[in-house]
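This is coords.txt. It holds compact mmCIF, C-alpha atoms and all ligand atoms.
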```txt
# COMPACT_ATOMS: atom_id res chain seq x y z
CA MET A 1 0.00 0.00 0.00
CA LEU A 2 1.28 3.48 -0.85
CA SER A 3 2.14 5.79 2.07
CA GLU A 4 0.35 9.12 2.30
CA ALA A 5 3.71 10.83 1.96
CA PHE A 6 4.16 8.97 -1.31
CA THR A 7 0.92 10.42 -2.66
CA ARG A 8 1.60 13.93 -1.36
CA THR A 9 5.09 14.01 -2.90
CA ALA A 10 3.96 12.66 -6.27
CA PRO A 11 4.52 16.06 -8.00
CA LEU A 12 8.14 16.01 -6.79
CA TYR A 13 8.56 12.49 -8.08
CA GLU A 14 7.55 13.76 -11.51
CA ARG A 15 10.77 15.82 -11.56
CA VAL A 16 13.00 12.74 -11.19
CA ARG A 17 10.98 9.94 -12.79
CA HIS A 18 13.38 9.97 -15.74
CA VAL A 19 16.18 8.61 -13.51
CA ILE A 20 14.49 7.09 -10.40
CA PRO A 21 12.29 4.00 -10.91
CA PRO A 22 8.81 4.32 -9.31
CA ILE A 23 9.53 1.37 -7.04
CA GLU A 24 12.27 3.38 -5.29
CA TRP A 25 10.28 6.53 -4.57
CA PRO A 26 8.43 5.20 -1.48
CA PHE A 27 11.86 4.90 0.20
CA PHE A 28 12.43 8.63 -0.32
CA ALA A 29 8.96 10.14 0.11
CA ASP A 30 8.85 10.35 3.95
CA ASP A 31 12.26 11.99 4.17
CA VAL A 32 11.51 14.44 1.35
CA GLU A 33 8.31 15.54 3.06
CA ALA A 34 9.98 15.83 6.48
CA ILE A 35 12.88 17.89 5.07
CA LEU A 36 10.51 20.33 3.35
CA ALA A 37 8.66 20.85 6.67
CA LEU A 38 11.90 21.20 8.69
CA LYS A 39 13.25 23.80 6.29
CA ARG A 40 10.15 25.93 6.88
CA GLN A 41 10.30 25.46 10.67
CA ARG A 42 13.98 26.33 10.93
CA ASN A 43 14.21 28.95 8.18
CA ALA A 44 16.80 26.71 6.55
CA VAL A 45 18.04 26.26 3.02
CA VAL A 46 19.67 23.23 1.46
CA LEU A 47 22.59 23.99 -0.87
CA ALA A 48 23.42 21.03 -3.11
CA HIS A 49 26.45 20.45 -5.29
CA ASN A 50 25.94 19.12 -8.83
CA TYR A 51 27.20 15.67 -7.69
CA GLN A 52 24.35 15.11 -5.25
CA THR A 53 21.87 12.36 -6.10
CA PRO A 54 18.72 13.44 -8.00
CA GLU A 55 16.30 13.04 -5.08
CA ILE A 56 18.43 15.57 -3.14
CA PHE A 57 19.35 17.80 -6.07
CA HIS A 58 15.90 18.07 -7.64
CA CYS A 59 13.54 17.51 -4.69
CA VAL A 60 14.91 19.16 -1.51
CA ALA A 61 17.67 21.56 -2.61
CA ASP A 62 16.91 25.29 -2.68
CA LEU A 63 20.15 26.30 -4.35
CA VAL A 64 22.36 24.16 -6.57
CA GLY A 65 25.55 24.59 -8.56
CA ASP A 66 29.28 24.13 -8.83
CA SER A 67 31.72 25.11 -6.09
CA LEU A 68 31.87 28.74 -7.20
CA ALA A 69 28.10 29.10 -7.49
CA LEU A 70 27.57 27.48 -4.09
CA ALA A 71 30.00 29.93 -2.48
CA ARG A 72 28.19 32.89 -4.05
CA LYS A 73 24.73 31.53 -3.31
CA ALA A 74 25.66 30.75 0.30
CA MET A 75 26.49 34.42 0.74
CA ALA A 76 23.17 35.57 -0.69
CA ALA A 77 21.07 33.01 1.21
CA GLU A 78 18.52 34.66 3.48
CA ALA A 79 18.22 31.88 6.01
CA ASP A 80 19.27 31.15 9.59
CA VAL A 81 20.51 27.69 8.75
CA ILE A 82 22.42 26.38 5.72
CA VAL A 83 22.60 22.63 5.18
CA LEU A 84 25.42 21.87 2.79
CA ALA A 85 24.66 18.80 0.70
CA GLY A 86 28.18 18.39 -0.59
CA VAL A 87 31.56 17.85 1.00
CA HIS A 88 33.25 19.33 4.05
CA PHE A 89 35.31 22.01 2.33
CA MET A 90 32.14 23.39 0.73
CA ALA A 91 30.48 23.66 4.13
CA GLU A 92 33.57 25.39 5.51
CA THR A 93 33.51 27.87 2.63
CA ALA A 94 29.83 28.57 3.31
CA LYS A 95 30.66 29.17 6.98
CA LEU A 96 33.58 31.46 6.13
CA LEU A 97 31.24 33.61 4.08
CA ASN A 98 28.38 33.41 6.61
CA PRO A 99 29.97 33.52 10.06
CA GLU A 100 26.65 34.48 11.68
CA LYS A 101 24.67 31.58 10.22
CA THR A 102 24.46 28.00 11.37
CA VAL A 103 26.08 25.82 8.71
CA LEU A 104 25.48 22.07 8.92
CA ILE A 105 27.13 19.16 7.12
CA PRO A 106 24.99 16.00 7.36
CA ASP A 107 28.00 13.64 7.54
CA THR A 108 31.42 14.82 8.73
CA ARG A 109 33.10 12.00 6.79
CA ALA A 110 32.22 13.71 3.50
CA GLY A 111 35.81 14.68 2.73
CA CYS A 112 37.84 15.06 -0.46
CA SER A 113 41.09 13.44 -1.64
CA LEU A 114 42.36 16.84 -2.78
CA ALA A 115 41.70 18.49 0.59
CA GLU A 116 43.47 15.53 2.26
CA SER A 117 46.55 15.89 0.08
CA ILE A 118 47.97 19.06 1.65
CA THR A 119 48.50 20.63 5.06
CA PRO A 120 49.14 24.24 6.13
CA LYS A 121 52.75 23.26 6.89
CA ASP A 122 53.17 22.04 3.30
CA VAL A 123 52.08 25.47 2.05
CA ARG A 124 54.54 27.22 4.35
CA LEU A 125 57.34 24.97 3.06
CA LEU A 126 56.37 25.73 -0.55
CA ARG A 127 56.61 29.45 0.21
CA GLN A 128 60.12 28.92 1.56
CA ARG A 129 61.06 27.02 -1.58
CA TYR A 130 59.61 29.65 -3.96
CA PRO A 131 60.06 32.93 -2.07
CA GLY A 132 57.75 35.74 -3.18
CA VAL A 133 55.69 33.53 -5.51
CA PRO A 134 51.94 33.94 -4.85
CA VAL A 135 49.90 30.93 -3.76
CA VAL A 136 46.64 30.16 -5.58
CA THR A 137 44.66 27.54 -3.70
CA TYR A 138 41.82 25.47 -5.11
CA VAL A 139 38.72 25.70 -2.91
CA ASN A 140 38.96 21.91 -2.44
CA THR A 141 41.11 22.45 0.66
CA SER A 142 40.66 22.95 4.40
CA ALA A 143 40.15 26.42 5.83
CA ALA A 144 43.59 26.07 7.47
CA VAL A 145 45.23 25.63 4.04
CA LYS A 146 43.21 28.51 2.58
CA ALA A 147 44.48 30.64 5.46
CA GLU A 148 48.07 30.14 4.22
CA SER A 149 47.12 31.23 0.69
CA ASP A 150 46.98 34.51 -1.20
CA ILE A 151 43.82 33.74 -3.13
CA CYS A 152 41.46 30.85 -3.85
CA CYS A 153 40.15 29.56 -7.16
CA THR A 154 37.62 27.03 -8.40
CA SER A 155 37.52 25.02 -11.61
CA SER A 156 35.26 27.77 -13.04
CA ASN A 157 37.70 30.62 -12.64
CA ALA A 158 41.18 29.04 -12.23
CA ARG A 159 42.82 30.62 -15.29
CA LYS A 160 41.22 34.01 -14.61
CA ILE A 161 42.44 33.99 -11.02
CA VAL A 162 45.99 32.95 -11.97
CA GLU A 163 46.19 35.74 -14.56
CA SER A 164 44.55 38.31 -12.28
CA LEU A 165 47.64 38.36 -10.07
CA GLY A 166 49.84 39.86 -12.79
CA ALA A 167 52.69 37.57 -11.67
CA GLU A 168 55.07 35.67 -13.95
CA GLN A 169 54.97 32.64 -11.67
CA VAL A 170 52.41 31.23 -9.26
CA ILE A 171 52.17 28.22 -6.98
CA MET A 172 48.88 26.48 -7.68
CA LEU A 173 47.75 23.78 -5.27
CA PRO A 174 46.81 21.10 -4.51
CA ASP A 175 45.40 19.69 -7.79
CA GLU A 176 48.29 18.83 -10.09
CA TYR A 177 46.04 18.13 -13.08
CA LEU A 178 43.96 21.29 -12.74
CA ALA A 179 47.22 23.25 -12.48
CA GLN A 180 48.64 21.50 -15.57
CA ASN A 181 45.40 22.12 -17.48
CA VAL A 182 45.56 25.81 -16.62
CA ALA A 183 49.28 25.93 -17.47
CA ALA A 184 48.41 24.69 -20.97
CA GLU A 185 46.26 27.81 -21.49
CA THR A 186 48.36 30.57 -19.96
CA ASP A 187 51.83 32.10 -20.17
CA VAL A 188 52.09 32.23 -16.37
CA LYS A 189 54.56 29.63 -15.07
CA ILE A 190 52.82 27.35 -12.60
CA PHE A 191 54.40 25.31 -9.81
CA THR A 192 52.18 22.38 -8.91
CA TRP A 193 51.51 20.04 -5.98
CA ALA A 194 50.90 16.31 -6.41
CA GLY A 195 47.29 16.17 -5.18
CA HIS A 196 44.67 14.41 -7.29
CA CYS A 197 40.92 13.94 -7.27
CA GLU A 198 40.34 10.23 -6.73
CA VAL A 199 37.29 10.39 -9.02
CA HIS A 200 38.73 12.23 -12.01
CA GLU A 201 42.26 10.77 -11.99
CA ARG A 202 40.77 7.42 -13.04
CA PHE A 203 39.69 8.54 -16.52
CA THR A 204 42.20 7.74 -19.27
CA ALA A 205 42.87 8.98 -22.79
CA ALA A 206 42.47 5.39 -24.08
CA GLU A 207 38.97 5.36 -22.54
CA VAL A 208 38.10 8.57 -24.39
CA ARG A 209 39.32 7.12 -27.69
CA GLY A 210 37.35 3.95 -27.00
CA LEU A 211 34.19 5.99 -26.44
CA ARG A 212 34.61 7.76 -29.78
CA TRP A 213 35.00 4.42 -31.53
CA GLN A 214 32.08 2.81 -29.72
CA PHE A 215 29.67 5.76 -29.93
CA PRO A 216 30.19 7.60 -33.22
CA GLY A 217 29.47 11.31 -33.06
CA VAL A 218 29.61 11.45 -29.26
CA VAL A 219 30.57 14.81 -27.73
CA ILE A 220 32.95 14.37 -24.79
CA LEU A 221 33.09 16.86 -21.92
CA ALA A 222 35.78 16.49 -19.25
CA HIS A 223 36.18 18.13 -15.86
CA PRO A 224 39.56 19.93 -15.50
CA GLU A 225 40.45 17.70 -12.54
CA CYS A 226 40.99 14.97 -15.19
CA PRO A 227 44.58 14.28 -16.33
CA PRO A 228 45.76 16.65 -19.12
CA GLU A 229 45.87 13.85 -21.71
CA VAL A 230 42.16 13.19 -21.06
CA VAL A 231 41.32 16.88 -21.37
CA ALA A 232 43.34 17.01 -24.61
CA GLU A 233 41.20 14.20 -26.09
CA ALA A 234 37.90 15.79 -24.99
CA ASP A 235 35.79 18.27 -27.00
CA PHE A 236 35.35 20.62 -24.06
CA SER A 237 36.62 20.99 -20.52
CA GLY A 238 34.98 22.98 -17.76
CA SER A 239 33.59 22.98 -14.25
CA THR A 240 30.43 21.06 -13.49
CA ALA A 241 28.38 24.21 -14.14
CA ALA A 242 30.22 24.84 -17.41
CA MET A 243 29.50 21.27 -18.54
CA SER A 244 25.83 21.70 -17.70
CA ASP A 245 25.73 25.02 -19.60
CA TYR A 246 27.50 23.41 -22.57
CA VAL A 247 24.82 20.71 -22.80
CA ALA A 248 22.03 23.31 -22.54
CA GLY A 249 23.66 25.56 -25.15
CA HIS A 250 24.84 22.98 -27.70
CA LYS A 251 22.29 20.20 -27.18
CA PRO A 252 24.66 17.45 -28.39
CA GLY A 253 22.55 14.47 -29.49
CA ARG A 254 24.95 12.07 -27.80
CA VAL A 255 27.15 13.20 -24.92
CA VAL A 256 29.52 11.91 -22.23
CA LEU A 257 30.33 13.83 -19.05
CA LEU A 258 33.68 12.58 -17.74
CA THR A 259 33.00 13.30 -14.12
CA GLU A 260 31.05 12.06 -11.09
CA CYS A 261 28.07 9.78 -11.79
CA SER A 262 25.19 11.87 -10.44
CA MET A 263 26.09 14.73 -12.77
CA SER A 264 24.68 12.92 -15.83
CA ASP A 265 21.53 11.99 -13.91
CA ASN A 266 20.93 15.58 -12.86
CA VAL A 267 21.65 17.10 -16.27
CA SER A 268 19.77 14.44 -18.22
CA ILE A 269 16.59 15.25 -16.30
CA GLN A 270 16.66 18.68 -17.94
CA HIS A 271 17.38 17.18 -21.39
CA PRO A 272 15.48 13.89 -21.69
CA GLU A 273 15.77 14.05 -25.49
CA LEU A 274 19.59 13.73 -25.42
CA GLU A 275 21.49 10.45 -25.13
CA PHE A 276 23.87 10.42 -22.16
CA ILE A 277 26.57 7.75 -22.38
CA ARG A 278 27.56 7.04 -18.81
CA PRO A 279 31.06 5.87 -18.01
CA CYS A 280 31.44 7.64 -14.69
CA ASN A 281 33.16 7.34 -11.33
CA LEU A 282 31.40 7.68 -7.98
CA CYS A 283 32.71 10.11 -5.37
CA PRO A 284 32.40 8.19 -2.09
CA HIS A 285 32.51 11.46 -0.16
CA MET A 286 29.65 13.11 -2.02
CA LYS A 287 27.68 9.88 -1.60
CA ARG A 288 27.92 10.15 2.20
CA ILE A 289 25.10 12.67 1.99
CA THR A 290 21.62 11.15 1.93
CA LEU A 291 18.06 12.33 2.45
CA ALA A 292 18.08 10.53 5.80
CA ASN A 293 21.10 12.40 7.14
CA ILE A 294 19.90 15.76 5.76
CA ARG A 295 16.71 15.17 7.73
CA GLU A 296 18.71 14.27 10.87
CA ALA A 297 20.92 17.32 10.41
CA LEU A 298 17.85 19.57 10.51
CA GLU A 299 16.14 17.67 13.33
CA GLN A 300 19.20 17.49 15.57
CA ASN A 301 21.14 20.54 14.40
CA ARG A 302 24.17 18.50 13.45
CA HIS A 303 26.99 18.60 12.43
CA GLU A 304 27.67 22.26 12.93
CA ILE A 305 30.71 23.73 11.18
CA THR A 306 32.98 25.79 13.41
CA ILE A 307 36.29 27.36 12.36
CA ASP A 308 38.98 28.77 14.63
CA PRO A 309 38.49 32.57 14.33
CA ALA A 310 42.20 33.22 13.69
CA ILE A 311 42.18 30.77 10.78
CA ALA A 312 38.76 31.91 9.57
CA ALA A 313 39.81 35.55 9.16
CA ARG A 314 42.78 34.65 6.94
CA ALA A 315 40.92 31.96 4.98
CA ARG A 316 37.97 34.32 4.38
CA ARG A 317 40.35 36.90 2.92
CA ALA A 318 41.57 34.36 0.32
CA VAL A 319 38.01 33.37 -0.63
CA GLU A 320 36.73 36.96 -0.74
CA ARG A 321 39.68 38.00 -2.85
CA MET A 322 38.66 35.31 -5.35
CA LEU A 323 35.03 36.42 -5.35
CA ALA A 324 36.11 40.00 -6.07
CA VAL A 325 37.97 39.03 -9.29
P1 LIG A 401 33.09 22.12 -9.54
O1 LIG A 401 31.65 21.77 -9.26
O2 LIG A 401 33.43 23.44 -8.97
O3 LIG A 401 33.40 21.97 -10.96
O4 LIG A 401 33.99 21.10 -8.71
C1 LIG A 401 33.97 19.76 -8.87
C2 LIG A 401 34.35 19.01 -7.71
O5 LIG A 401 35.01 18.02 -7.81
C3 LIG A 401 33.88 19.39 -6.44
O6 LIG A 401 34.17 18.40 -5.59
FE1 LIG A 402 36.97 15.75 -3.97
FE2 LIG A 402 37.00 14.59 -6.35
FE3 LIG A 402 35.03 14.02 -4.65
FE4 LIG A 402 35.15 16.45 -5.80
S1 LIG A 402 34.82 14.52 -6.82
S2 LIG A 402 34.78 15.98 -3.62
S3 LIG A 402 37.36 16.75 -5.92
S4 LIG A 402 37.22 13.56 -4.35
```
Will you turn the file into structure tokens for me?
Amino acid sequence: MLSEAFTRTAPLYERVRHVIPPIEWPFFADDVEAILALKRQRNAVVLAHNYQTPEIFHCVADLVGDSLALARKAMAAEADVIVLAGVHFMAETAKLLNPEKTVLIPDTRAGCSLAESITPKDVRLLRQRYPGVPVVTYVNTSAAVKAESDICCTSSNARKIVESLGAEQVIMLPDEYLAQNVAAETDVKIFTWAGHCEVHERFTAAEVRGLRWQFPGVVILAHPECPPEVVAEADFSGSTAAMSDYVAGHKPGRVVLLTECSMSDNVSIQHPELEFIRPCNLCPHMKRITLANIREALEQNRHEITIDPAIAARARRAVERMLAV
């Protein structure tokens, strides 16, 4: 027998029926309904990254986007509580930009291999090795690492940020592949760090060539966290938002998004007429976030993000400097 929540949330199910079989919806309906009520009670918003599963992204999120968009939207959010459906560094960035608001991450284990790859001490040692060279830090880092940096960047604005400094050389960390992909497009000399995204480093150029052979006419979009040889074989490279915009603008009949798996689900909902070929890799950190723990986060006010004020002030400066470019 169908639950009442199932019937009441039927219009929301319509949004995701393209990618969620009807048999699965009863498992989501209660939590979706509870989250919508809790958001009203607590004056809360849910911010969801493009890698969140469709029932989160399309049914309970108020604001969605790539890392840059989430940072900007967090700042504009008129709410007392922000639930970040994404990974820990995103919640920290939201807190840096909204020190007065309560920012919650539903599972503290939602980390990131890039953020794990570097410590504040590493950044200080790099500065000693390259004296006077500015440090551009990808937002996929802890607040403590951002605090050691001159400016942050995301995959949306990396080249623009590097060039905005007017320097001949920059240190760009921690994503070696993003840094190499930017270096291929700019005259600025870039010193890299050997951090990698565990999701994007697994794509290979041979895989891209295989896709072209297997699916004639396919348009291949790659995230710039992919190795440079993968980006070189792709038709386009950009942040998750840029990939989504590319699909909306070009409407390729057959397309592959070389990135995290939920991205194709979320974008394909908006373009059911297009064929999405789906070799993808799951991000185990993004997948820590579920409807059930978003509901618990709102019910129990957990897990609240706090940042040491001394670190926060310096990290905020690096993020705000990026947002001003
Ligand atoms: P963007 O959404 O900013 O492209 O970042 C991708 C990513 O890997 C975030 O974890
Ligand atoms: Fe980090 Fe990669 Fe997961 Fe993004 S997809 S959160 S960069 S591990």
Measuring between all atoms listed in the file, which one of A:Asn50, A:Ser113, A:Ser164, A:Thr204 shows the shortest distance to ligand LIG 401 (chain A)?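 Closest candidate: A:Asn50.
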Find the distance between atom CA of A:Ala232 and atom CA of A:Val267 and write it in Å to one decimal. 23.2 Å
Pick out the residues no farther than 10 Å from ligand LIG 402 (chain A), counting only C-alpha atoms and all ligand atoms, and list them as a ChimeraX atom specification. /A:49,51,67,86-90,110-116,138-141,175,195-201,223,225-226,259-261,281-287
Report as JSON lines: every residue of stretch 58-172 of chain A with an atom at most 12 Å from stretch 3-18 of chain A, its closest pair of atoms, and their distance in Å to one decimal, counting only C-alpha atoms, with rows sorted by chain and ascending residue number.
```
{"residue": "A:His58", "atom": "CA", "partner": "A:Arg15", "partner_atom": "CA", "distance": 6.8}
{"residue": "A:Cys59", "atom": "CA", "partner": "A:Leu12", "partner_atom": "CA", "distance": 6.0}
{"residue": "A:Val60", "atom": "CA", "partner": "A:Leu12", "partner_atom": "CA", "distance": 9.1}
{"residue": "A:Ala61", "atom": "CA", "partner": "A:Leu12", "partner_atom": "CA", "distance": 11.8}
```
Output C-alpha atoms for every residue in that selection, as a PDB file, in the frame of the given file.
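Final output, saved to out-v6.pdb:
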```pdb
ATOM      1  CA  HIS A  58      15.900  18.070  -7.640  1.00  0.00           C
ATOM      2  CA  CYS A  59      13.540  17.510  -4.690  1.00  0.00           C
ATOM      3  CA  VAL A  60      14.910  19.160  -1.510  1.00  0.00           C
ATOM      4  CA  ALA A  61      17.670  21.560  -2.610  1.00  0.00           C
TER       5      ALA A  61
END
```
6 Å from ligand LIG 401 (chain A) is the threshold here; counting all atoms listed in the file, which polymer residues fall inside it? Answer as a VMD selection string. chain A and resid 66 to 68 154 to 155 239 to 240
Dump as a PyMOL selection string all residues having an atom at most 9 Å from (47.1, 30.9, -16.8), computed in the file's coordinates with only C-alpha atoms. chain A and resi 158-163+179+181-190
As a PyMOL selection string, please: the residues near A:Phe27 (cut-off 12 Å, only C-alpha atoms, same-chain neighbours under 4 positions excluded). chain A and resi 2-3+5-6+9+13+20-23+31-33+55+290-292
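The nearest approach to A:Ile118 among the residues A:Glu148, A:Asp245, A:Glu207, A:Glu100, with only C-alpha atoms taken into account, belongs to A:Glu148.
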If you measure from atom CA of A:Lys121 to atom CA of A:Cys152, what distance in Å do you get, rounded to one decimal?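 Computed distance, atom CA of A:Lys121 to atom CA of A:Cys152, equals 17.3 Å.
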A:Asp80, A:Asp30, A:Glu304, A:Glu168: which is nearest A:Asn43, counting only C-alpha atoms?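 Looking at the shortest contact to A:Asn43, the residue is A:Asp80.
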Quick one: residues within 9 Å of A:Arg72, all atoms listed in the file counted, chain neighbours fewer than 4 positions away excluded, as number ranges by chain? A: 67-68, 76-77, 94, 97, 323
For a test of reading the model, state the distance in Å between atom CA of A:Asp62 and atom CA of A:Cys280, rounded to one decimal.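 Atom CA of A:Cys280 lies 25.8 Å from atom CA of A:Asp62.
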A:Val64, A:Ile289, A:Val218, A:Val231: which is nearest A:Val256, counting all atoms listed in the file?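 Ranked by minimum distance to A:Val256, first place goes to A:Val218.
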Identify, on the basis of only C-alpha atoms, every residue whose closest approach to A:Arg212 does not exceed 12 Å; exclude the query and any residue fewer than 5 positions from it along the same chain; express the result as JSON, numbers by chain. {"A": [205, 206, 207, 217, 218, 219, 220, 233, 234, 235, 254, 255, 256, 277]}
Given the point (17.4, 23.8, 4.2) in the coordinates of this file, which residues lie within 9 Å, counting all atoms listed in the file, and how would they look as an MDAnalysis selection string? chainID A and resid 35:36 38:40 42:47 60:62 79 81:84 294 298
Around all listed atoms of stretch 217-235 of chain A, padded 4 Å per side, what centre and edge lengths does the axis-aligned box have in Å to one decimal, as JSON?
```
{"center_x": 37.7, "center_y": 15.6, "center_z": -22.8, "size_x": 24.4, "size_y": 16.6, "size_z": 28.5}
```
